[in-house]
file coords37.csv (CSV, C-alpha atoms)
chain,number,residue,atom,x,y,z
A,25,MET,CA,0.0,0.0,0.0
A,26,ALA,CA,1.3,3.4,-1.0
A,27,ALA,CA,2.4,5.7,1.9
A,28,VAL,CA,0.2,8.7,2.3
A,29,VAL,CA,2.1,12.1,2.4
A,30,GLU,CA,-0.2,14.7,3.9
A,31,MET,CA,-0.7,17.1,6.8
A,32,LYS,CA,-3.5,16.5,9.2
A,33,ASN,CA,-6.0,19.3,9.9
A,34,LEU,CA,-4.7,20.3,13.4
A,35,PRO,CA,-1.0,20.5,12.5
A,36,PHE,CA,-2.1,22.4,9.3
A,37,ALA,CA,-3.9,25.0,11.5
A,38,ILE,CA,-1.1,25.2,14.0
A,39,VAL,CA,1.7,25.7,11.4
A,40,CYS,CA,-0.1,27.8,8.8
A,41,SER,CA,-2.2,30.2,10.9
A,42,PRO,CA,0.7,32.2,12.4
A,43,SER,CA,2.3,32.9,9.0
A,44,CYS,CA,-1.2,34.0,7.7
A,45,VAL,CA,-1.7,36.4,10.6
A,46,CYS,CA,1.8,37.8,10.5
A,47,ALA,CA,1.7,38.3,6.7
A,48,ILE,CA,-1.7,40.0,6.8
A,49,VAL,CA,-0.6,42.4,9.5
A,50,LEU,CA,2.6,43.3,7.5
A,51,ASN,CA,0.5,43.8,4.4
A,52,VAL,CA,-1.8,46.2,6.1
A,53,PHE,CA,1.1,48.1,7.5
A,54,PHE,CA,2.9,48.2,4.1
A,55,ILE,CA,-0.3,49.4,2.4
A,56,PHE,CA,-0.5,52.2,4.9
A,57,CYS,CA,3.2,53.0,4.0
A,58,LEU,CA,2.3,53.2,0.3
A,59,CYS,CA,-0.7,55.5,1.0
A,60,LYS,CA,1.2,57.7,3.6
A,61,PRO,CA,4.9,57.6,2.7
A,62,VAL,CA,7.3,59.3,5.1
A,63,VAL,CA,9.3,62.4,4.0
A,64,GLY,CA,12.2,61.4,1.8
A,65,ALA,CA,10.5,58.2,0.5
A,66,SER,CA,9.6,58.8,-3.1
A,67,LEU,CA,8.0,56.1,-5.2
A,68,HIS,CA,7.3,56.3,-8.9
A,69,GLN,CA,5.7,54.1,-11.5
A,70,PRO,CA,5.9,51.2,-12.3
A,71,MET,CA,7.3,50.4,-8.8
A,72,ARG,CA,4.2,51.8,-7.1
A,73,PHE,CA,2.0,49.6,-9.3
A,74,LEU,CA,4.2,46.5,-8.7
A,75,LEU,CA,4.4,46.9,-4.9
A,76,THR,CA,0.6,47.5,-4.8
A,77,ALA,CA,0.2,44.3,-6.8
A,78,VAL,CA,2.6,42.4,-4.5
A,79,LEU,CA,0.7,43.5,-1.3
A,80,GLY,CA,-2.7,42.9,-2.8
A,81,ASN,CA,-1.7,39.5,-4.1
A,82,SER,CA,-0.2,38.6,-0.7
A,83,THR,CA,-3.3,39.6,1.2
A,84,VAL,CA,-5.5,37.5,-1.1
A,85,GLN,CA,-3.2,34.5,-0.8
A,86,GLN,CA,-3.1,34.7,3.0
A,87,LEU,CA,-6.8,35.2,3.4
A,88,LEU,CA,-7.4,32.1,1.2
A,89,ALA,CA,-4.9,30.2,3.2
A,90,ALA,CA,-6.8,31.1,6.4
A,91,ILE,CA,-10.1,30.1,4.7
A,92,SER,CA,-8.4,26.7,3.8
A,93,VAL,CA,-7.6,26.2,7.5
A,94,VAL,CA,-11.3,26.9,8.5
A,95,LEU,CA,-12.6,24.6,5.7
A,96,SER,CA,-10.4,21.7,6.8
A,97,PHE,CA,-12.5,21.3,9.9
A,98,PHE,CA,-15.8,21.2,8.0
A,99,SER,CA,-17.4,19.3,5.0
A,100,PRO,CA,-17.9,22.0,2.4
A,101,PRO,CA,-19.3,21.3,-1.1
A,102,GLU,CA,-16.9,19.5,-3.3
A,103,TRP,CA,-16.3,22.5,-5.6
A,104,LEU,CA,-15.4,25.0,-2.9
A,105,PRO,CA,-12.0,23.5,-1.8
A,106,VAL,CA,-11.1,23.1,-5.5
A,107,VAL,CA,-11.9,26.7,-6.3
A,108,ASN,CA,-10.2,27.9,-3.1
A,109,VAL,CA,-7.0,26.0,-3.9
A,110,ALA,CA,-7.0,27.2,-7.5
A,111,ILE,CA,-7.2,30.9,-6.5
A,112,ASN,CA,-4.6,30.3,-3.8
A,113,LEU,CA,-2.3,28.8,-6.4
A,114,GLN,CA,-3.1,31.8,-8.7
A,115,ALA,CA,-1.9,34.2,-6.0
A,116,TYR,CA,1.1,32.0,-5.2
A,117,CYS,CA,2.3,31.8,-8.8
A,118,SER,CA,1.5,35.5,-9.4
A,119,SER,CA,4.1,36.4,-6.8
A,120,PHE,CA,6.8,34.8,-9.0
A,121,SER,CA,5.7,37.0,-11.9
A,122,ILE,CA,5.5,40.2,-9.9
A,123,ASN,CA,8.9,39.7,-8.4
A,124,ALA,CA,10.3,38.9,-11.8
A,125,TRP,CA,9.0,42.2,-13.2
A,126,ILE,CA,10.5,44.0,-10.2
A,127,SER,CA,13.9,42.4,-11.0
A,128,ILE,CA,13.6,43.4,-14.7
A,129,PHE,CA,12.8,47.0,-13.6
A,130,TYR,CA,15.9,47.3,-11.3
A,131,TYR,CA,18.1,45.6,-13.9
A,132,MET,CA,17.1,48.2,-16.5
A,133,LYS,CA,17.5,51.0,-14.0
A,134,ILE,CA,20.9,50.0,-12.5
A,135,VAL,CA,22.8,48.3,-15.3
A,136,PRO,CA,23.8,50.5,-18.3
A,137,GLN,CA,22.2,49.2,-21.5
A,138,HIS,CA,24.0,49.2,-24.9
A,139,CYS,CA,22.0,46.8,-27.0
A,140,LYS,CA,19.3,48.7,-29.0
A,141,VAL,CA,16.6,46.4,-27.9
A,142,PHE,CA,17.4,46.8,-24.2
A,143,VAL,CA,17.7,50.6,-24.7
A,144,TRP,CA,14.2,50.7,-26.2
A,145,VAL,CA,12.9,48.5,-23.3
A,146,LYS,CA,14.4,50.9,-20.7
A,147,LYS,CA,12.8,53.9,-22.4
A,148,ASN,CA,9.4,52.2,-22.5
A,149,ILE,CA,9.7,50.2,-19.2
A,150,ASN,CA,6.4,51.5,-17.8
A,151,GLY,CA,4.2,50.3,-20.7
A,152,ILE,CA,6.1,47.1,-21.0
A,153,VAL,CA,5.7,46.2,-17.3
A,154,PHE,CA,1.9,47.0,-17.4
A,155,ALA,CA,1.3,45.1,-20.6
A,156,GLY,CA,3.5,42.1,-19.6
A,157,PHE,CA,1.9,41.9,-16.2
A,158,LEU,CA,-1.6,41.9,-17.7
A,159,PHE,CA,-0.6,39.2,-20.3
A,160,ASP,CA,1.0,36.8,-17.8
A,161,GLN,CA,-1.8,37.1,-15.3
A,162,THR,CA,-4.3,36.4,-18.0
A,163,LEU,CA,-2.2,33.3,-19.0
A,164,LEU,CA,-2.0,32.1,-15.4
A,165,LEU,CA,-5.7,32.7,-14.8
A,166,SER,CA,-6.6,30.7,-17.9
A,167,ALA,CA,-4.3,27.8,-16.9
A,168,LEU,CA,-5.6,27.5,-13.4
A,169,SER,CA,-9.2,27.9,-14.5
A,170,MET,CA,-8.7,24.9,-16.8
A,171,GLY,CA,-7.1,23.0,-14.0
A,172,ALA,CA,-10.0,23.6,-11.7
A,173,ALA,CA,-12.5,22.8,-14.5
A,174,SER,CA,-10.7,19.5,-15.1
A,175,TYR,CA,-11.7,18.4,-11.6
A,176,LEU,CA,-15.3,19.7,-11.8
A,177,MET,CA,-16.2,18.7,-15.4
A,178,PRO,CA,-17.3,15.1,-16.2
A,179,PRO,CA,-14.4,13.1,-17.6
A,180,THR,CA,-14.6,11.4,-21.0
A,181,ALA,CA,-14.5,7.6,-21.3
A,182,GLU,CA,-10.9,7.7,-22.4
A,183,ASP,CA,-10.0,9.7,-19.3
A,184,LEU,CA,-11.7,7.2,-17.1
A,185,ASN,CA,-9.7,4.3,-18.6
A,186,VAL,CA,-6.4,6.1,-18.2
A,187,THR,CA,-7.3,7.1,-14.6
A,188,MET,CA,-8.3,3.5,-13.6
A,189,PHE,CA,-5.2,2.1,-15.2
A,190,ARG,CA,-2.9,4.5,-13.3
A,191,GLY,CA,-4.9,4.6,-10.1
A,192,GLY,CA,-5.1,8.3,-9.8
A,193,PRO,CA,-8.0,10.7,-9.2
A,194,VAL,CA,-10.6,11.1,-11.9
A,195,VAL,CA,-10.0,14.3,-13.9
A,196,ASN,CA,-10.6,15.5,-17.4
A,197,GLY,CA,-7.3,14.6,-19.0
A,198,THR,CA,-7.3,17.0,-22.0
A,199,LEU,CA,-7.9,20.1,-19.9
A,200,TYR,CA,-5.5,19.0,-17.2
A,201,LYS,CA,-2.6,18.3,-19.6
A,202,LEU,CA,-3.1,21.8,-21.2
A,203,SER,CA,-3.3,23.5,-17.8
A,204,THR,CA,-0.2,21.6,-16.5
A,205,ARG,CA,1.9,22.7,-19.5
A,206,LEU,CA,0.9,26.3,-19.1
A,207,VAL,CA,1.6,26.4,-15.4
A,208,LEU,CA,5.0,24.8,-16.0
A,209,VAL,CA,5.9,27.4,-18.5
A,210,TYR,CA,4.6,30.1,-16.1
A,211,LEU,CA,6.8,28.8,-13.3
A,212,ILE,CA,10.0,28.3,-15.3
A,213,CYS,CA,10.1,31.7,-17.0
A,214,PRO,CA,9.9,33.9,-13.9
A,215,SER,CA,12.4,31.7,-12.1
A,216,CYS,CA,14.9,32.0,-14.9
A,217,THR,CA,14.2,35.8,-15.1
A,218,LEU,CA,14.8,36.3,-11.3
A,219,LEU,CA,18.1,34.3,-11.4
A,220,ILE,CA,19.5,36.1,-14.5
A,221,SER,CA,18.4,39.6,-13.8
A,222,TRP,CA,19.4,39.8,-10.1
A,223,GLY,CA,22.6,37.9,-10.8
A,224,ARG,CA,23.7,40.2,-13.5
A,225,THR,CA,22.7,43.3,-11.5
A,226,PHE,CA,24.7,42.0,-8.5
A,227,PHE,CA,27.9,41.4,-10.5
A,228,TYR,CA,27.6,44.8,-12.2
A,229,LEU,CA,27.3,46.6,-8.9
A,230,ARG,CA,30.2,44.6,-7.4
A,231,ARG,CA,32.5,45.6,-10.3
A,232,HIS,CA,31.2,49.2,-10.2
A,233,ILE,CA,31.8,49.5,-6.5
A,234,ARG,CA,35.3,48.0,-6.7
A,235,ARG,CA,36.2,50.4,-9.5
A,236,MET,CA,34.9,53.4,-7.5
A,237,GLU,CA,37.0,52.2,-4.5
A,238,ARG,CA,40.2,52.1,-6.6
A,239,ASN,CA,39.6,55.4,-8.2
A,240,THR,CA,38.2,57.6,-5.4
A,241,GLY,CA,38.9,55.5,-2.2
A,242,SER,CA,35.1,55.8,-1.5
A,243,CYS,CA,33.3,52.5,-1.3
A,244,PHE,CA,29.6,53.5,-1.3
A,245,HIS,CA,27.4,56.4,-2.3
A,246,PRO,CA,23.9,56.4,-0.8
A,247,GLN,CA,22.4,55.5,-4.2
A,248,GLN,CA,24.8,52.5,-4.6
A,249,LYS,CA,23.9,51.5,-1.0
A,250,ASN,CA,20.2,51.4,-1.9
A,251,HIS,CA,20.9,49.6,-5.1
A,252,MET,CA,23.0,46.9,-3.4
A,253,ARG,CA,20.5,46.5,-0.6
A,254,VAL,CA,17.7,46.0,-3.1
A,255,THR,CA,19.8,43.6,-5.2
A,256,ILE,CA,20.9,41.5,-2.2
A,257,MET,CA,17.2,41.2,-1.0
A,258,GLY,CA,16.3,40.2,-4.6
A,259,ILE,CA,18.9,37.5,-4.5
A,260,VAL,CA,17.5,36.3,-1.2
A,261,GLN,CA,14.0,36.2,-2.7
A,262,THR,CA,15.3,34.3,-5.7
A,263,ALA,CA,16.9,31.7,-3.3
A,264,LEU,CA,13.5,31.3,-1.7
A,265,PHE,CA,11.6,31.1,-4.9
A,266,LEU,CA,13.8,28.5,-6.7
A,267,PRO,CA,13.3,25.5,-4.4
A,268,THR,CA,9.6,26.3,-4.0
A,269,SER,CA,9.2,26.6,-7.8
A,270,LEU,CA,10.8,23.2,-8.2
A,271,TYR,CA,8.4,21.9,-5.5
A,272,ALA,CA,5.4,23.4,-7.4
A,273,MET,CA,6.6,21.9,-10.7
A,274,THR,CA,6.9,18.5,-9.0
A,275,MET,CA,3.4,18.8,-7.5
A,276,VAL,CA,1.9,19.8,-10.9
A,277,LEU,CA,3.6,16.9,-12.6
A,278,LEU,CA,2.9,14.2,-10.0
A,279,PHE,CA,-0.4,15.1,-8.3
A,280,THR,CA,-2.7,13.8,-11.1
A,281,HIS,CA,-1.4,10.2,-10.9
A,282,HIS,CA,-0.4,10.1,-7.2
A,283,GLU,CA,-3.5,10.8,-5.1
A,284,THR,CA,-1.5,10.0,-1.9
A,285,LEU,CA,0.8,13.0,-2.4
A,286,ASP,CA,-0.6,16.0,-0.5
A,287,ASN,CA,-4.2,15.3,-1.7
A,288,ASP,CA,-5.8,18.1,0.4
A,289,LYS,CA,-3.0,20.6,-0.5
A,290,HIS,CA,-2.3,21.4,3.2
A,291,ILE,CA,1.5,21.0,2.7
A,292,THR,CA,1.5,23.2,-0.4
A,293,ILE,CA,-0.6,25.9,1.2
A,294,THR,CA,1.6,26.0,4.3
A,295,ILE,CA,4.8,26.2,2.2
A,296,THR,CA,3.4,29.0,0.0
A,297,SER,CA,2.1,30.9,3.0
A,298,MET,CA,5.5,30.8,4.8
A,299,LEU,CA,7.3,31.7,1.5
A,300,ASN,CA,5.0,34.7,1.0
A,301,LEU,CA,5.7,35.9,4.5
A,302,ALA,CA,9.4,35.7,3.9
A,303,ASN,CA,9.0,37.5,0.5
A,304,ILE,CA,7.0,40.4,2.1
A,305,SER,CA,9.6,40.7,4.9
A,306,CYS,CA,12.4,41.0,2.3
A,307,LEU,CA,10.5,43.9,0.7
A,308,GLY,CA,10.4,45.6,4.1
A,309,PHE,CA,14.2,45.6,4.2
A,310,SER,CA,14.8,46.5,0.5
A,311,GLN,CA,12.2,49.2,-0.2
A,312,SER,CA,12.9,52.6,1.3
A,313,VAL,CA,9.1,53.5,1.4
A,314,PHE,CA,8.7,50.6,4.0
A,315,ARG,CA,12.1,50.7,5.7
A,316,LEU,CA,12.0,54.4,6.5
A,317,ARG,CA,8.5,54.1,8.0
A,318,ILE,CA,9.6,51.2,10.2
A,319,ILE,CA,12.7,53.3,11.3
A,320,ALA,CA,10.5,56.3,12.1
A,321,LEU,CA,8.1,54.1,14.0
A,322,LEU,CA,10.9,52.5,16.0
A,323,LYS,CA,12.4,55.9,16.9
A,324,ARG,CA,9.0,57.1,18.1
A,325,LEU,CA,8.6,54.0,20.3
A,326,ILE,CA,12.1,54.4,21.7
A,327,ASN,CA,11.4,58.1,22.4
A,328,GLY,CA,8.1,57.2,24.0
A,329,PHE,CA,9.7,54.6,26.3
A,330,GLY,CA,12.5,57.1,27.1
A,331,SER,CA,9.9,59.7,28.2
A,332,VAL,CA,8.1,57.1,30.4
A,333,ASP,CA,11.4,56.1,32.1
A,334,GLN,CA,12.2,59.8,32.8
A,335,ASN,CA,8.8,60.3,34.4
call {"tool": "encode", "arguments": {"input": "coords37.csv", "output": "structure tokens"}}
result
Amino acid sequence: MAAVVEMKNLPFAIVCSPSCVCAIVLNVFFIFCLCKPVVGASLHQPMRFLLTAVLGNSTVQQLLAAISVVLSFFSPPEWLPVVNVAINLQAYCSSFSINAWISIFYYMKIVPQHCKVFVWVKKNINGIVFAGFLFDQTLLLSALSMGAASYLMPPTAEDLNVTMFRGGPVVNGTLYKLSTRLVLVYLICPSCTLLISWGRTFFYLRRHIRRMERNTGSCFHPQQKNHMRVTIMGIVQTALFLPTSLYAMTMVLLFTHHETLDNDKHITITITSMLNLANISCLGFSQSVFRLRIIALLKRLINGFGSVDQN
């Protein structure tokens, strides 16, 4: 008998709930930072749009994870968990794409471009980011809609034969295969983009800083400090995304024919929730609009405690 790899309802609630709560609190705070930035924290398009998309996407994902925790203790209609997991995966996969667009933006902003194509992209980066984001979100929504429909639509006779032969869950084979291929492409492209763009940005900054140190004896200017901080946090995010993207690809490829592998998606939802919290935390360090607000808040708290002690 095949070993069942799954997470029970109570451990799922214990492990997943804290990351959901922490991420939602951070999202609310960061949304406030975007609406009311501190003095000296300027934010222009398309970064304002991308950060808004990151926070909105993260909030939706964590709320759906919390709903999944609640649903695990009840017996909802069959379609409800399927739709909930599909939207959760939509938000999870979207985070890859949004962070990939952020990496492209900073690569174009920091690294000098000499190729005519890249020069054109740099000049039209706002329109390219908006159009590209709309296209890839439409692609992902179509893929996951087909994936959800494959579980809800009646399978054909051919699908039933294949399913019984392999011992997996009954799904509509044609829709699922198409959905699987689209999701795989969607996961591979942003992962490669993150790795290449942040990697090239880091190596350019390192060479530039060493050259400045040799010529002027000065190691960092404030702008280079900000660029290096953003780049290092981008590399950390990439390091988090790569193993989870491999996990997601494995789940997409194996789940159809291995119903004992995280059948209720509790493990997947927990991993994606914790990754999302880590991703949002990295943004808090890298983006000045968030970091300066946190510093101002900490200074106010320290001054407040100092006043209490003096009294």
call {"tool": "closest_residue", "arguments": {"input": "coords37.csv", "among": "A:Arg238, A:Thr225, A:Pro70, A:Thr76", "to": "Ile149 of chain A", "atoms": "all atoms listed in the file"}}
result
A:Pro70
call {"tool": "closest_atom_pairs", "arguments": {"input": "coords37.csv", "of": "segment 102-185 of chain A", "to": "segment 229-235 of chain A", "cutoff": "12 Å", "atoms": "only C-alpha atoms", "output": "Markdown table"}}
result
| residue | atom | partner | partner_atom | distance |
| --- | --- | --- | --- | --- |
| A:Tyr130 | CA | A:Leu229 | CA | 11.7 |
| A:Tyr131 | CA | A:Leu229 | CA | 10.5 |
| A:Lys133 | CA | A:Leu229 | CA | 11.9 |
| A:Ile134 | CA | A:Leu229 | CA | 8.1 |
| A:Val135 | CA | A:Leu229 | CA | 8.0 |
| A:Pro136 | CA | A:Leu229 | CA | 10.8 |
call {"tool": "closest_atom_pairs", "arguments": {"input": "coords37.csv", "of": "segment 59-123 of chain A", "to": "segment 290-296 of chain A", "cutoff": "12 Å", "atoms": "all atoms listed in the file", "output": "CSV"}}
result
residue,atom,partner,partner_atom,distance
A:Ser82,CA,A:Thr296,CA,10.3
A:Gln85,CA,A:Thr296,CA,8.6
A:Gln86,CA,A:Thr296,CA,9.2
A:Leu87,CA,A:Ile293,CA,11.4
A:Leu88,CA,A:Ile293,CA,9.2
A:Ala89,CA,A:Ile293,CA,6.4
A:Ala90,CA,A:Ile293,CA,9.6
A:Ile91,CA,A:Ile293,CA,11.0
A:Ser92,CA,A:His290,CA,8.1
A:Val93,CA,A:His290,CA,8.3
A:Val94,CA,A:His290,CA,11.8
A:Leu95,CA,A:His290,CA,11.1
A:Ser96,CA,A:His290,CA,8.9
A:Pro105,CA,A:His290,CA,11.1
A:Asn108,CA,A:Ile293,CA,10.7
A:Val109,CA,A:Ile293,CA,8.2
A:Ala110,CA,A:Ile293,CA,10.9
A:Ile111,CA,A:Ile293,CA,11.3
A:Asn112,CA,A:Ile293,CA,7.8
A:Leu113,CA,A:Ile293,CA,8.3
A:Gln114,CA,A:Thr296,CA,11.2
A:Ala115,CA,A:Thr296,CA,9.5
A:Tyr116,CA,A:Thr296,CA,6.4
A:Cys117,CA,A:Thr296,CA,9.3
A:Ser118,CA,A:Thr296,CA,11.6
A:Ser119,CA,A:Thr296,CA,10.1
A:Phe120,CA,A:Thr296,CA,11.2
call {"tool": "atom_distance", "arguments": {"input": "coords37.csv", "atom1": "atom CA of Tyr200 of chain A", "atom2": "atom CA of Asn287 of chain A"}}
result
16.0 Å
call {"tool": "atom_distance", "arguments": {"input": "coords37.csv", "atom1": "atom CA of Ile220 of chain A", "atom2": "atom CA of Leu202 of chain A"}}
result
27.6 Å
call {"tool": "closest_residue", "arguments": {"input": "coords37.csv", "among": "A:Ile126, A:Leu79, A:Ala263, A:Leu104", "to": "Leu50 of chain A", "atoms": "all atoms listed in the file"}}
result
A:Leu79
call {"tool": "closest_residue", "arguments": {"input": "coords37.csv", "among": "A:Pro214, A:Gly223, A:Pro101, A:Pro267", "to": "Phe157 of chain A", "atoms": "all atoms listed in the file"}}
result
A:Pro214
call {"tool": "closest_residue", "arguments": {"input": "coords37.csv", "among": "A:Lys140, A:Phe54, A:Cys40, A:Asn150", "to": "Val78 of chain A", "atoms": "all atoms listed in the file"}}
result
A:Phe54
call {"tool": "atom_distance", "arguments": {"input": "coords37.csv", "atom1": "atom CA of Cys59 of chain A", "atom2": "atom CA of Phe314 of chain A"}}
result
11.0 Å
